[in-house]
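First up is the structure itself, then whatever we jot down about it.
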Amino acid sequence: MEKKNIALITGVTGQDGSYLSEFLLDKGYEVHGIIRRSSVDYRERIAHLEGKPDFHLHYADMGDSMSLVKLVGKVQPTEIYNLAAQSHVQVSFDAPEFTADVDAVGVLRILEAVRTNHLEHSCRIYQASTSELYGKVEEVPQNEQTPFHPYSPYAVAKLYGYWIVKEYREAYDMFCCSGILFNHESERRGETFVTRKITLAAARIAQGKQEKLYLGNLSSLRDWGYAKDYVECMWLILQQEKPEDYVIATGVQHSVREFAYLAFKTAGMELEFRGEGINEKGVCVAGPAHLVGKTLVEVSEDFYRPTDVVNLLGDPSKAKNELGWNPQSTSFEQLVSIMVKHDMQKVAADHVAGVMRTNLAEYLEKGITK
Ligand code: NAP
Ligand code: F7E
């Protein structure tokens with residue numbers, strides 16, 4: 001009988017972990033995921049997978065070497081996907097030491113757990129690296145050769161993760177690789193990342209549950225893809241003959257302002273942006289009569305970062321040519337539509353169920369209510 005592929009996913013409860021679990025279960029893998037103890041037991045993104053015979057969850061923590069060593073020994077994975085991280089850039093300014101421990105040293109702990117269990121030549125490792133490494137960008141678009149210039153505590157921690165993976169690949173001949181993934185979003189995206197903050201607010205404003213949305217830098221440019229498309233690349237990277245690093249991106253760039261315009265339009269409100277910088281406002285010029293003429297989007301200094309990454313655009317040529325991956329299988333317009341439609345339904349369902357949610361993203365992101 002053919003031996004089963006066994007995957008261990010750190011960060012299984014996150015956006016990417018949930019899509020990757022579905023993808024690997026469909027491929028016939030036995031999937032093991034790391035969870036942390038939390039005072040709330042409901043794991044929204046993977047609840048539909050719990051109880052499936054090939055899906056297993058284990059308590060461990062990226063900050064606890066012993067838990068990782070024991071778990072890797074017990075599971076004997078053939079592939080590890082290291083997705084666990086404190087992944088919010090703004091939060092990394094507020095909790096830099098925790099971010100460094102999980103996002104930098106955590107990667108080392110995984111690599112050492114594999115070596116300690118003598119699996120370095122049988123277990124392949126994927127590291128969730130990021131376009132944030134390019135930071136204060138030195139060229140546009142960015143590819144695998146573009147120099148790094150990390151520009152936040154998050155990015156600096158992830159740079160360590162990138163280099164330690166490369167080091168272990170060369171020093172110990174391990175099959176470990178980094179996917180340098182540009183922003184990827186979905187209806188499962190955390191609610192304080194800018195895209196989801198916008199789609200949820202558009203849905204809530206359209207349904208009379210919120211008056212206004214406060215954002216930071218509207219001119220920031222991102223290369224936004226669909227998370228469900230990106231997890232396939234994580235798997236493809238580990239199926240190659242040689243361990244290598246890949247840029248995963250769509251090759252298309254939009255501003256936060258453009259994302260907001262399209263999201264509000266999809267929710268039935270046309271915005272016109274007037275003014276500049278901190279005084280810029282998104283005014284409703286077409287849509288429901290009671291909203292026309294109202295300012296629905298404002299800029300707030302609270303959401304500006306001490307240093308911000310403002311010009312990310314990936315060149316996915318290597319992934320396209322060597323992995324055979326299609327960077328544009330979901331367009332920007334489709335992505336926005338998927339997210340807004342989902343959030344319109346979610347807000348309506350919360351209303352019917354009488355759920356009182358303080359999901360004003362301003363509050364969730366900064367503890368601020370305007
Ligand atoms: P996410 O939704 O924030 O999920 C992060 C995951 O990490 C969660 O499962 C979280 O568990 C877990 N985690 C955090 N600290 C941990 C710890 N100390 N021990 C164990 N688990 C811990 O992130 P994502 O968007 O899915 O991203 C996945 C990975 O890709 C991250 O490493 C991120 O930095 C990287 N990345 C993301 C993007 C993007 O655009 N999404 C782009 C490039 C790279 P809890 O649920 O318990 O908090
Ligand atoms: O910000 C600007 C903000 O928080 C995008 C993580 O998955 O992708 C993500 O990091 C841009 C920034 O994502 C608001 O200043 C404006 O320029 O959605 P974000 P991020 O920082 O790009 C990378 C690839 C990762 O690796 C990370 O893990 O949008 N922006 N106004 C805002 N951002 C937020 N959050 N909130 C605002 O109100």
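Just remember, in the structure tokens the first chain shown is A, the second B, etc., residues are 1-based per chain, and ligands are 1-based in the order shown.
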Item to complete: Write out as a PyMOL selection string all residues of range 150-267 of chain A that DSSP puts in strand (DSSP E or B) for this structure's backbone.
Response: chain A and resi 176-181+184-185+213-215+221-222+225-226+246-248+254-255
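For range 153-184 of chain A, the set of residues given alpha helix (DSSP H) by DSSP on the backbone reads A:Pro153, A:Tyr154, A:Ala155, A:Val156, A:Ala157, A:Lys158, A:Leu159, A:Tyr160, A:Gly161, A:Tyr162, A:Trp163, A:Ile164, A:Val165, A:Lys166, A:Glu167, A:Tyr168, A:Arg169, A:Glu170, A:Ala171, A:Tyr172.
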Which residues of chain A come within 7 Å of ligand 1, and for each one, what is the closest pair of atoms and their distance in Å to one decimal, counting only C-alpha atoms and all ligand atoms, sorted by chain and residue number, as JSON lines?
{"residue": "A:Thr10", "atom": "CA", "partner": "ligand 1", "partner_atom_place_in_ligand_line": "21 (N)", "distance": 6.0}
{"residue": "A:Gly11", "atom": "CA", "partner": "ligand 1", "partner_atom_place_in_ligand_line": "9 (O)", "distance": 3.2}
{"residue": "A:Val12", "atom": "CA", "partner": "ligand 1", "partner_atom_place_in_ligand_line": "9 (O)", "distance": 4.8}
{"residue": "A:Thr13", "atom": "CA", "partner": "ligand 1", "partner_atom_place_in_ligand_line": "9 (O)", "distance": 3.8}
{"residue": "A:Gly14", "atom": "CA", "partner": "ligand 1", "partner_atom_place_in_ligand_line": "4 (O)", "distance": 3.4}
{"residue": "A:Gln15", "atom": "CA", "partner": "ligand 1", "partner_atom_place_in_ligand_line": "26 (O)", "distance": 3.7}
{"residue": "A:Asp16", "atom": "CA", "partner": "ligand 1", "partner_atom_place_in_ligand_line": "26 (O)", "distance": 3.7}
{"residue": "A:Gly17", "atom": "CA", "partner": "ligand 1", "partner_atom_place_in_ligand_line": "26 (O)", "distance": 5.7}
{"residue": "A:Ile34", "atom": "CA", "partner": "ligand 1", "partner_atom_place_in_ligand_line": "20 (C)", "distance": 6.4}
{"residue": "A:Ile35", "atom": "CA", "partner": "ligand 1", "partner_atom_place_in_ligand_line": "47 (O)", "distance": 6.0}
{"residue": "A:Arg36", "atom": "CA", "partner": "ligand 1", "partner_atom_place_in_ligand_line": "47 (O)", "distance": 5.1}
{"residue": "A:Ala60", "atom": "CA", "partner": "ligand 1", "partner_atom_place_in_ligand_line": "20 (C)", "distance": 6.5}
{"residue": "A:Asp61", "atom": "CA", "partner": "ligand 1", "partner_atom_place_in_ligand_line": "19 (N)", "distance": 3.7}
{"residue": "A:Met62", "atom": "CA", "partner": "ligand 1", "partner_atom_place_in_ligand_line": "19 (N)", "distance": 3.9}
{"residue": "A:Gly63", "atom": "CA", "partner": "ligand 1", "partner_atom_place_in_ligand_line": "18 (N)", "distance": 5.4}
{"residue": "A:Leu83", "atom": "CA", "partner": "ligand 1", "partner_atom_place_in_ligand_line": "29 (C)", "distance": 4.1}
{"residue": "A:Ala84", "atom": "CA", "partner": "ligand 1", "partner_atom_place_in_ligand_line": "7 (O)", "distance": 3.3}
{"residue": "A:Ala85", "atom": "CA", "partner": "ligand 1", "partner_atom_place_in_ligand_line": "14 (C)", "distance": 4.3}
{"residue": "A:Gln86", "atom": "CA", "partner": "ligand 1", "partner_atom_place_in_ligand_line": "14 (C)", "distance": 4.9}
{"residue": "A:Ser87", "atom": "CA", "partner": "ligand 1", "partner_atom_place_in_ligand_line": "34 (O)", "distance": 4.1}
{"residue": "A:His88", "atom": "CA", "partner": "ligand 1", "partner_atom_place_in_ligand_line": "3 (O)", "distance": 6.7}
{"residue": "A:Val102", "atom": "CA", "partner": "ligand 1", "partner_atom_place_in_ligand_line": "18 (N)", "distance": 5.4}
{"residue": "A:Ala128", "atom": "CA", "partner": "ligand 1", "partner_atom_place_in_ligand_line": "30 (O)", "distance": 4.6}
{"residue": "A:Ser129", "atom": "CA", "partner": "ligand 1", "partner_atom_place_in_ligand_line": "44 (C)", "distance": 5.1}
{"residue": "A:Thr130", "atom": "CA", "partner": "ligand 1", "partner_atom_place_in_ligand_line": "43 (C)", "distance": 3.9}
{"residue": "A:Ser131", "atom": "CA", "partner": "ligand 1", "partner_atom_place_in_ligand_line": "43 (C)", "distance": 6.1}
{"residue": "A:Ile180", "atom": "CA", "partner": "ligand 1", "partner_atom_place_in_ligand_line": "43 (C)", "distance": 6.6}
{"residue": "A:Leu181", "atom": "CA", "partner": "ligand 1", "partner_atom_place_in_ligand_line": "43 (C)", "distance": 4.4}
{"residue": "A:Phe182", "atom": "CA", "partner": "ligand 1", "partner_atom_place_in_ligand_line": "42 (C)", "distance": 5.0}
{"residue": "A:Asn183", "atom": "CA", "partner": "ligand 1", "partner_atom_place_in_ligand_line": "40 (O)", "distance": 3.3}
{"residue": "A:His184", "atom": "CA", "partner": "ligand 1", "partner_atom_place_in_ligand_line": "40 (O)", "distance": 4.0}
{"residue": "A:Glu185", "atom": "CA", "partner": "ligand 1", "partner_atom_place_in_ligand_line": "40 (O)", "distance": 6.1}
{"residue": "A:Arg189", "atom": "CA", "partner": "ligand 1", "partner_atom_place_in_ligand_line": "2 (O)", "distance": 6.4}
{"residue": "A:Gly190", "atom": "CA", "partner": "ligand 1", "partner_atom_place_in_ligand_line": "2 (O)", "distance": 5.8}
Create the file for the chosen residues now, containing N, CA, C and O atoms and written as a short mmCIF file (atom, residue, chain, number, x, y, z; two decimals), in the first residue's frame.
data_model
loop_
_atom_site.label_atom_id
_atom_site.label_comp_id
_atom_site.auth_asym_id
_atom_site.auth_seq_id
_atom_site.Cartn_x
_atom_site.Cartn_y
_atom_site.Cartn_z
N THR A 10 1.20 24.67 10.78
CA THR A 10 1.12 25.64 11.89
C THR A 10 0.29 26.80 11.36
O THR A 10 0.36 27.13 10.17
N GLY A 11 -0.52 27.41 12.23
CA GLY A 11 -1.39 28.49 11.75
C GLY A 11 -2.62 27.95 11.05
O GLY A 11 -3.19 28.60 10.18
N VAL A 12 -3.06 26.75 11.46
CA VAL A 12 -4.18 26.08 10.76
C VAL A 12 -5.50 26.84 10.94
O VAL A 12 -6.39 26.74 10.09
N THR A 13 -5.62 27.62 12.01
CA THR A 13 -6.88 28.34 12.25
C THR A 13 -6.96 29.65 11.47
O THR A 13 -7.99 30.32 11.49
N GLY A 14 -5.88 30.03 10.81
CA GLY A 14 -5.84 31.31 10.10
C GLY A 14 -6.48 31.21 8.72
O GLY A 14 -6.97 30.16 8.29
N GLN A 15 -6.50 32.35 8.03
CA GLN A 15 -7.07 32.38 6.67
C GLN A 15 -6.45 31.31 5.78
O GLN A 15 -7.14 30.45 5.22
N ASP A 16 -5.11 31.35 5.66
CA ASP A 16 -4.45 30.43 4.73
C ASP A 16 -4.50 28.99 5.22
O ASP A 16 -4.66 28.06 4.43
N GLY A 17 -4.34 28.81 6.54
CA GLY A 17 -4.35 27.46 7.11
C GLY A 17 -5.66 26.75 6.80
O GLY A 17 -5.67 25.54 6.51
N ILE A 34 -1.75 22.75 14.26
CA ILE A 34 -1.40 23.22 15.61
C ILE A 34 -2.40 24.28 16.05
O ILE A 34 -2.64 25.24 15.32
N ILE A 35 -2.98 24.08 17.24
CA ILE A 35 -3.85 25.12 17.79
C ILE A 35 -3.32 25.58 19.14
O ILE A 35 -2.60 24.84 19.81
N ARG A 36 -3.72 26.80 19.49
CA ARG A 36 -3.35 27.34 20.80
C ARG A 36 -4.58 27.30 21.69
O ARG A 36 -5.70 27.47 21.21
N ALA A 60 -0.08 23.18 20.70
CA ALA A 60 1.35 23.50 20.73
C ALA A 60 1.44 25.01 20.55
O ALA A 60 0.42 25.68 20.36
N ASP A 61 2.65 25.53 20.60
CA ASP A 61 2.79 26.98 20.43
C ASP A 61 4.14 27.27 19.79
O ASP A 61 5.15 26.62 20.13
N MET A 62 4.16 28.25 18.91
CA MET A 62 5.42 28.59 18.23
C MET A 62 6.47 29.13 19.19
O MET A 62 7.65 29.19 18.86
N GLY A 63 6.03 29.52 20.38
CA GLY A 63 6.97 30.02 21.38
C GLY A 63 7.47 28.93 22.32
O GLY A 63 8.23 29.21 23.24
N LEU A 83 2.82 28.29 8.71
CA LEU A 83 2.01 29.50 8.44
C LEU A 83 1.78 30.33 9.70
O LEU A 83 1.29 31.46 9.60
N ALA A 84 2.09 29.80 10.86
CA ALA A 84 1.78 30.52 12.10
C ALA A 84 2.59 31.80 12.18
O ALA A 84 3.79 31.81 11.94
N ALA A 85 1.91 32.88 12.54
CA ALA A 85 2.61 34.15 12.73
C ALA A 85 1.69 35.16 13.40
O ALA A 85 0.47 35.06 13.30
N GLN A 86 2.31 36.14 14.06
CA GLN A 86 1.59 37.37 14.39
C GLN A 86 1.66 38.12 13.06
O GLN A 86 2.70 38.67 12.71
N SER A 87 0.56 38.14 12.33
CA SER A 87 0.65 38.53 10.91
C SER A 87 0.20 39.97 10.64
O SER A 87 0.18 40.39 9.49
N HIS A 88 -0.18 40.71 11.67
CA HIS A 88 -0.66 42.08 11.42
C HIS A 88 0.49 43.09 11.56
O HIS A 88 1.10 43.20 12.62
N VAL A 102 7.65 34.81 17.63
CA VAL A 102 6.84 33.87 16.85
C VAL A 102 7.28 33.84 15.38
O VAL A 102 7.47 32.77 14.79
N ALA A 128 6.11 30.51 5.26
CA ALA A 128 5.25 31.60 4.77
C ALA A 128 5.99 32.91 4.84
O ALA A 128 5.95 33.64 5.82
N SER A 129 6.70 33.21 3.75
CA SER A 129 7.41 34.47 3.67
C SER A 129 6.51 35.52 3.01
O SER A 129 5.38 35.20 2.61
N THR A 130 7.00 36.74 2.87
CA THR A 130 6.07 37.83 2.55
C THR A 130 6.68 38.94 1.70
O THR A 130 7.88 39.23 1.81
N SER A 131 5.85 39.59 0.92
CA SER A 131 6.26 40.75 0.12
C SER A 131 6.68 41.92 1.03
O SER A 131 7.33 42.85 0.54
N ILE A 180 7.37 33.74 -1.25
CA ILE A 180 7.29 35.18 -0.96
C ILE A 180 5.94 35.65 -1.48
O ILE A 180 5.80 36.05 -2.64
N LEU A 181 4.94 35.53 -0.62
CA LEU A 181 3.58 35.80 -1.05
C LEU A 181 3.20 37.27 -0.88
O LEU A 181 3.45 37.86 0.18
N PHE A 182 2.63 37.84 -1.94
CA PHE A 182 2.06 39.18 -1.86
C PHE A 182 0.68 39.07 -1.21
O PHE A 182 0.17 37.96 -1.04
N ASN A 183 0.10 40.21 -0.87
CA ASN A 183 -1.18 40.20 -0.12
C ASN A 183 -2.21 39.31 -0.80
O ASN A 183 -2.45 39.43 -2.00
N HIS A 184 -2.82 38.45 -0.02
CA HIS A 184 -3.93 37.65 -0.55
C HIS A 184 -5.06 37.68 0.46
O HIS A 184 -4.86 37.56 1.66
N GLU A 185 -6.23 37.84 -0.07
CA GLU A 185 -7.41 38.20 0.72
C GLU A 185 -8.51 37.18 0.44
O GLU A 185 -8.41 36.38 -0.48
N ARG A 189 -10.59 36.56 5.47
CA ARG A 189 -9.53 37.46 5.90
C ARG A 189 -9.87 38.05 7.27
O ARG A 189 -11.04 38.37 7.54
N GLY A 190 -8.87 38.21 8.12
CA GLY A 190 -9.07 38.86 9.41
C GLY A 190 -9.71 40.23 9.20
O GLY A 190 -9.43 40.92 8.22
#
Practice prompt. For ligand 2, collect every residue having any atom at a distance of at most 8 Å from a ligand atom (counting only C-alpha atoms and all ligand atoms); output as a ChimeraX atom specification.
Written response: /A:85-90,129-132,154-155,181-184,192-197,214-222,256,299,303-305,308-310,362,365
Fill in: Selected residue, from A:Gly354, A:Gly208, A:Gly275, A:Gly179, that lies nearest to Glu232 in chain A when counting only C-alpha atoms
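For Glu232 in chain A, the nearest of the candidates is A:Gly179.
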Discussion item. Just want the 10 Å neighbourhood of Lys318 in chain A, counted on only C-alpha atoms, with same-chain residues fewer than 4 positions away dropped. Output as a VMD selection string.
Written reply: chain A and resid 143 to 144 245 to 248 322 to 325
Practice prompt. Find the distance between CA of Tyr81 in chain A and CA of Lys136 in chain A and write it in Å to one decimal.
Written response: 27.6 Å
Discussion item. As a list in words, please: the residues near Arg274 in chain A (cut-off 12 Å, only C-alpha atoms, same-chain neighbours under 2 positions excluded).
Written reply: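 Here the answer would be Leu218, Arg257, Leu271, Glu272, Glu276, Gly277, Ile278, Asn279, Glu280, Lys281, Gly282, Val283, Cys284, Val285, Thr295, Leu296, Val297, Glu298 and Val299 of chain A.
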Exercise: Pro141 in chain A partners within 12 Å, only C-alpha atoms, chain neighbours under 2 positions left out, as a compact mmCIF listing (two decimals) with all heavy atoms, in the first residue's frame:
# COMPACT_ATOMS: atom_id res chain seq x y z
N SER A 131 5.85 39.59 0.92
CA SER A 131 6.26 40.75 0.12
C SER A 131 6.68 41.92 1.03
O SER A 131 7.33 42.85 0.54
CB SER A 131 5.11 41.20 -0.77
OG SER A 131 3.92 41.36 -0.01
N TYR A 134 10.22 43.35 0.96
CA TYR A 134 10.67 44.39 0.03
C TYR A 134 10.49 45.78 0.60
O TYR A 134 11.16 46.72 0.20
CB TYR A 134 9.94 44.26 -1.32
CG TYR A 134 10.15 42.92 -1.98
CD1 TYR A 134 9.10 42.06 -2.23
CD2 TYR A 134 11.43 42.51 -2.33
CE1 TYR A 134 9.30 40.82 -2.81
CE2 TYR A 134 11.65 41.27 -2.91
CZ TYR A 134 10.58 40.43 -3.15
OH TYR A 134 10.79 39.20 -3.72
N VAL A 137 10.53 49.88 -1.01
CA VAL A 137 10.97 49.12 -2.19
C VAL A 137 12.13 49.73 -2.95
O VAL A 137 12.21 50.95 -3.13
CB VAL A 137 9.81 48.85 -3.17
CG1 VAL A 137 8.73 48.00 -2.50
CG2 VAL A 137 9.22 50.13 -3.71
N GLU A 138 13.00 48.85 -3.41
CA GLU A 138 14.17 49.31 -4.17
C GLU A 138 13.95 49.17 -5.67
O GLU A 138 14.73 49.70 -6.46
CB GLU A 138 15.41 48.56 -3.68
CG GLU A 138 15.55 48.75 -2.17
CD GLU A 138 16.95 48.67 -1.63
OE1 GLU A 138 17.87 48.35 -2.38
OE2 GLU A 138 17.10 48.94 -0.41
N GLU A 139 12.91 48.44 -6.09
CA GLU A 139 12.51 48.43 -7.51
C GLU A 139 11.06 47.97 -7.62
O GLU A 139 10.52 47.33 -6.71
CB GLU A 139 13.44 47.53 -8.35
CG GLU A 139 13.37 46.06 -8.01
CD GLU A 139 14.35 45.22 -8.81
OE1 GLU A 139 15.35 45.76 -9.32
OE2 GLU A 139 14.12 44.00 -8.91
N ASN A 143 10.78 40.96 -7.80
CA ASN A 143 10.90 39.52 -8.11
C ASN A 143 11.87 38.87 -7.13
O ASN A 143 12.28 39.48 -6.15
CB ASN A 143 11.35 39.32 -9.57
CG ASN A 143 12.73 39.92 -9.82
OD1 ASN A 143 13.58 39.98 -8.92
ND2 ASN A 143 12.97 40.36 -11.04
N GLU A 144 12.26 37.63 -7.41
CA GLU A 144 13.09 36.86 -6.46
C GLU A 144 14.48 37.49 -6.27
O GLU A 144 15.16 37.19 -5.30
CB GLU A 144 13.24 35.41 -6.93
CG GLU A 144 11.98 34.57 -6.86
CD GLU A 144 11.01 34.79 -8.02
OE1 GLU A 144 11.34 35.58 -8.95
OE2 GLU A 144 9.93 34.18 -8.01
N GLN A 145 14.89 38.36 -7.23
CA GLN A 145 16.23 38.97 -7.11
C GLN A 145 16.20 40.36 -6.47
O GLN A 145 17.24 40.94 -6.18
CB GLN A 145 16.88 39.10 -8.50
CG GLN A 145 17.67 37.87 -8.94
CD GLN A 145 16.73 36.73 -9.28
OE1 GLN A 145 15.79 36.92 -10.06
NE2 GLN A 145 16.97 35.57 -8.72
N THR A 146 15.04 40.92 -6.30
CA THR A 146 14.92 42.28 -5.76
C THR A 146 15.48 42.33 -4.33
O THR A 146 15.14 41.47 -3.51
CB THR A 146 13.43 42.72 -5.74
OG1 THR A 146 12.93 42.63 -7.07
CG2 THR A 146 13.27 44.13 -5.22
N PRO A 147 16.34 43.33 -4.04
CA PRO A 147 16.88 43.42 -2.67
C PRO A 147 15.77 43.68 -1.65
O PRO A 147 14.77 44.34 -1.96
CB PRO A 147 17.82 44.63 -2.73
CG PRO A 147 18.03 44.91 -4.17
CD PRO A 147 16.85 44.37 -4.93
N PHE A 182 2.63 37.84 -1.94
CA PHE A 182 2.06 39.18 -1.86
C PHE A 182 0.68 39.07 -1.21
O PHE A 182 0.17 37.96 -1.04
CB PHE A 182 2.02 39.81 -3.26
CG PHE A 182 3.38 40.32 -3.69
CD1 PHE A 182 4.46 39.46 -3.83
CD2 PHE A 182 3.60 41.67 -3.93
CE1 PHE A 182 5.73 39.92 -4.18
CE2 PHE A 182 4.85 42.14 -4.29
CZ PHE A 182 5.92 41.27 -4.41
N LEU A 221 -0.32 51.23 -2.30
CA LEU A 221 -0.56 50.33 -3.45
C LEU A 221 -0.22 48.90 -3.07
O LEU A 221 0.82 48.63 -2.48
CB LEU A 221 0.31 50.77 -4.62
CG LEU A 221 0.04 52.17 -5.18
CD1 LEU A 221 1.19 52.64 -6.05
CD2 LEU A 221 -1.27 52.18 -5.97
N ARG A 222 -1.11 48.00 -3.47
CA ARG A 222 -0.90 46.58 -3.18
C ARG A 222 -1.22 45.73 -4.40
O ARG A 222 -2.00 46.12 -5.28
CB ARG A 222 -1.82 46.12 -2.03
CG ARG A 222 -1.39 46.60 -0.65
CD ARG A 222 -0.12 45.90 -0.21
NE ARG A 222 0.30 46.25 1.14
CZ ARG A 222 1.01 47.34 1.45
NH1 ARG A 222 1.37 48.18 0.52
NH2 ARG A 222 1.38 47.56 2.71
N ASP A 223 -0.62 44.53 -4.39
CA ASP A 223 -0.89 43.50 -5.40
C ASP A 223 -1.73 42.46 -4.66
O ASP A 223 -1.21 41.64 -3.92
CB ASP A 223 0.47 42.95 -5.86
CG ASP A 223 0.34 41.83 -6.87
OD1 ASP A 223 -0.65 41.07 -6.83
OD2 ASP A 223 1.26 41.69 -7.70
N VAL A 247 8.30 34.00 -5.79
CA VAL A 247 7.37 35.11 -5.60
C VAL A 247 5.99 34.67 -6.09
O VAL A 247 5.86 34.14 -7.19
CB VAL A 247 7.83 36.35 -6.42
CG1 VAL A 247 6.68 37.34 -6.66
CG2 VAL A 247 8.98 37.05 -5.70
N ALA A 249 2.30 36.26 -6.74
CA ALA A 249 1.58 37.54 -6.84
C ALA A 249 0.72 37.49 -8.09
O ALA A 249 0.82 36.56 -8.89
CB ALA A 249 2.60 38.68 -6.95
N THR A 250 -0.13 38.53 -8.27
CA THR A 250 -0.94 38.57 -9.49
C THR A 250 -0.26 39.35 -10.60
O THR A 250 -0.56 39.17 -11.77
CB THR A 250 -2.31 39.25 -9.22
OG1 THR A 250 -2.09 40.63 -8.94
CG2 THR A 250 -3.07 38.60 -8.08
N GLY A 251 0.64 40.30 -10.22
CA GLY A 251 1.24 41.17 -11.22
C GLY A 251 0.33 42.36 -11.57
O GLY A 251 0.55 43.06 -12.56
N VAL A 252 -0.68 42.60 -10.74
CA VAL A 252 -1.60 43.73 -10.96
C VAL A 252 -1.67 44.53 -9.66
O VAL A 252 -1.74 43.96 -8.57
CB VAL A 252 -3.02 43.22 -11.33
CG1 VAL A 252 -3.98 44.38 -11.54
CG2 VAL A 252 -2.97 42.33 -12.56
N GLN A 253 -1.65 45.88 -9.81
CA GLN A 253 -1.59 46.72 -8.61
C GLN A 253 -2.78 47.69 -8.52
O GLN A 253 -3.21 48.23 -9.54
CB GLN A 253 -0.29 47.54 -8.69
CG GLN A 253 0.09 48.27 -7.45
CD GLN A 253 1.32 49.14 -7.68
OE1 GLN A 253 1.36 49.95 -8.61
NE2 GLN A 253 2.33 48.99 -6.85
N ASN A 311 4.31 50.61 -2.03
CA ASN A 311 4.34 50.35 -3.48
C ASN A 311 4.72 48.89 -3.79
O ASN A 311 5.79 48.60 -4.32
CB ASN A 311 5.34 51.30 -4.15
CG ASN A 311 5.17 51.34 -5.66
OD1 ASN A 311 4.32 50.65 -6.23
ND2 ASN A 311 6.00 52.14 -6.32
N LEU A 312 3.80 47.98 -3.48
CA LEU A 312 4.09 46.56 -3.73
C LEU A 312 3.42 46.10 -5.02
O LEU A 312 2.23 46.31 -5.25
CB LEU A 312 3.60 45.71 -2.56
CG LEU A 312 4.37 45.86 -1.25
CD1 LEU A 312 3.77 45.01 -0.14
CD2 LEU A 312 5.85 45.50 -1.44
N LEU A 313 4.23 45.49 -5.87
CA LEU A 313 3.74 44.89 -7.12
C LEU A 313 4.67 43.71 -7.43
O LEU A 313 5.87 43.89 -7.59
CB LEU A 313 3.80 45.92 -8.26
CG LEU A 313 3.48 45.38 -9.66
CD1 LEU A 313 2.04 44.87 -9.74
CD2 LEU A 313 3.70 46.46 -10.72
N GLY A 314 4.11 42.52 -7.48
CA GLY A 314 4.94 41.33 -7.67
C GLY A 314 5.08 40.93 -9.13
O GLY A 314 4.20 41.19 -9.95
N ASP A 315 6.20 40.29 -9.42
CA ASP A 315 6.41 39.71 -10.75
C ASP A 315 6.38 38.18 -10.59
O ASP A 315 7.36 37.58 -10.15
CB ASP A 315 7.77 40.17 -11.29
CG ASP A 315 8.15 39.43 -12.56
OD1 ASP A 315 7.34 38.61 -13.06
OD2 ASP A 315 9.28 39.65 -13.06
N PRO A 316 5.25 37.56 -10.93
CA PRO A 316 5.10 36.12 -10.68
C PRO A 316 5.63 35.23 -11.80
O PRO A 316 5.25 34.06 -11.88
CB PRO A 316 3.59 35.97 -10.53
CG PRO A 316 3.01 37.03 -11.42
CD PRO A 316 4.02 38.14 -11.51
N SER A 317 6.53 35.74 -12.66
CA SER A 317 6.97 34.98 -13.85
C SER A 317 7.53 33.61 -13.47
O SER A 317 7.25 32.60 -14.13
CB SER A 317 8.04 35.74 -14.62
OG SER A 317 7.56 36.99 -14.95
